[in-house]
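Novice: After the structure tokens below, expect a handful of questions from me.
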Amino acid sequence: MKTIVITGASSGIGAALARHLGQEGHNLVLASRHAASLNAVAHEVRSHVITIATDVTRRADVNRLCDEALRGFGSIDVWVNNAGRGITRPVLELTDGEFDEMMSVNVKSALYGMQAVVPHFMARGQGHLINISSFLGRVPIATHRSAYNAAKAALNALTANLRLDLAAKYPAIHVSLIMPGLVSTEFARNAIGSASATAPPWTPGTTMKPQSAEEVAAAIASVIEHPVAEMYTNPASAPIARRYFEDVDAFEEGLREKVNAGPA
Ligand SMILES: NC(=O)c1ccc[n+]([C@@H]2O[C@H](COP(=O)([O-])OP(=O)(O)OC[C@H]3O[C@@H](n4cnc5c(N)ncnc54)[C@H](OP(=O)(O)O)[C@@H]3O)[C@@H](O)[C@H]2O)c1
């Protein structure tokens, strides 16, 4: 049985993860801004659970989340930085405020989490930090997500750097990056800007089937069980990423053909 902190646990992937891990009997600390939604999720969880209203864009809130989790359970085994938000805005229309908001909720939030909990992991000599990124942080092909793609790319870099920094001295501290593809949640509706944007121009000839939040939660739970550096939750992702990095020109040429052909 582990003690696991999950941010963004009031909906979507975070809520599904809480339900999944609750069934496995883990102690859970659930965080997000809306206490009522969090408590509704907590009621569905059968194991020991604490809910803490937290705005992850505020460092003091994230530090308090860590303190409360330690006060409640004595130690933390796993911390999942899952809270995040999208945007529907092409690069040329981004405002300063929108860009800052994307970095704040998707990158600085996770930085605060890492800086709050990793010293505890170092003191114990063990622990598992998991950052929920996106396939779009690796392959930025949904152009209308612009600053979201950029923020998740930054999160990917910070995650890899933290892992390398800890590896030699703290072999029992794991740092994992999870990159879901399309997941059926309220994410698009909660994104800044119109939720009615056209579907992302996925690679021609490739359909990325949306996953359910439960499928993604099961994938994250498997990483908690067997830590890995990185995971794409959607089996379609790795072949697309390989093609992208092999030849970006050819890849983008294919995208242009698809866009020019119009919606299927
Ligand atoms: N859905 C997808 O297609 C998809 C694909 C790849 C990656 N992801 C990533 O998966 C993660 C979860 O997304 P989701 O699909 O489950 O979306 P969601 O249903 O919109 O859930 C987002 C969660 O983040 C919380 N949150 C947002 N802003 C917050 C803040 N300032 N402070 C604390 N909590 C905050 C929300 O809770 P409150 O509103 O209560 O604060 C909610 O619990 C995100 O990091 C997202 O980028 C999603």
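Going through the structure tokens in order, the chains are called A, B, and so on, while each chain numbers its residues from 1 and the ligands are numbered from 1 in the order shown.
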Going by DSSP on the backbone, which residues of range 25-231 of chain A come out as strand (DSSP E)? List them as an MDAnalysis selection string.
Specialist: chainID A and resid 27:32 49:53 78:81 127:132 173:179 183:184 211:212 230:231
Novice: Name each residue within 6 Å of ligand 1, counting only C-alpha atoms and all ligand atoms, as a ChimeraX atom specification.
Specialist: /A:8-14,32-34,54-57,82-85,105,132-134,180-187,190
Novice: What lies within 8 Å of Gly72 in chain A using only C-alpha atoms, ignoring chain neighbours under 3 positions off, as a PyMOL selection string?
Specialist: chain A and resi 50+68-69
Novice: Enter the distance from CA of Asn27 in chain A to CA of Ser222 in chain A, in Å, rounded to one decimal.
Specialist: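 Between CA of Asn27 in chain A and CA of Ser222 in chain A the gap works out to 16.7 Å.
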Novice: Return as a tab-separated table the residues of range 133-244 of chain A lying at most 10 Å from range 108-127 of chain A, together with the closest atom-to-atom pair for each and the distance in Å to one decimal, counting only C-alpha atoms, with rows in chain order and ascending residue number.
Specialist:
residue	atom	partner	partner_atom	distance
A:Ser133	CA	A:Ala110	CA	10.0
A:Ala151	CA	A:Lys108	CA	9.2
A:Ala154	CA	A:Lys108	CA	9.7
A:Leu155	CA	A:Ala110	CA	7.7
A:Leu158	CA	A:Leu111	CA	8.0
A:Thr159	CA	A:Leu111	CA	9.0
A:Leu162	CA	A:Met114	CA	8.6
A:Leu166	CA	A:Met122	CA	8.8
A:Lys169	CA	A:Gly125	CA	9.1
A:Tyr170	CA	A:Gly125	CA	6.2
A:Pro171	CA	A:Gln126	CA	7.9
A:Ala172	CA	A:Gln126	CA	4.8
A:Ile173	CA	A:Gln126	CA	4.6
A:His174	CA	A:Gly127	CA	6.3
A:Val175	CA	A:Gly127	CA	8.6
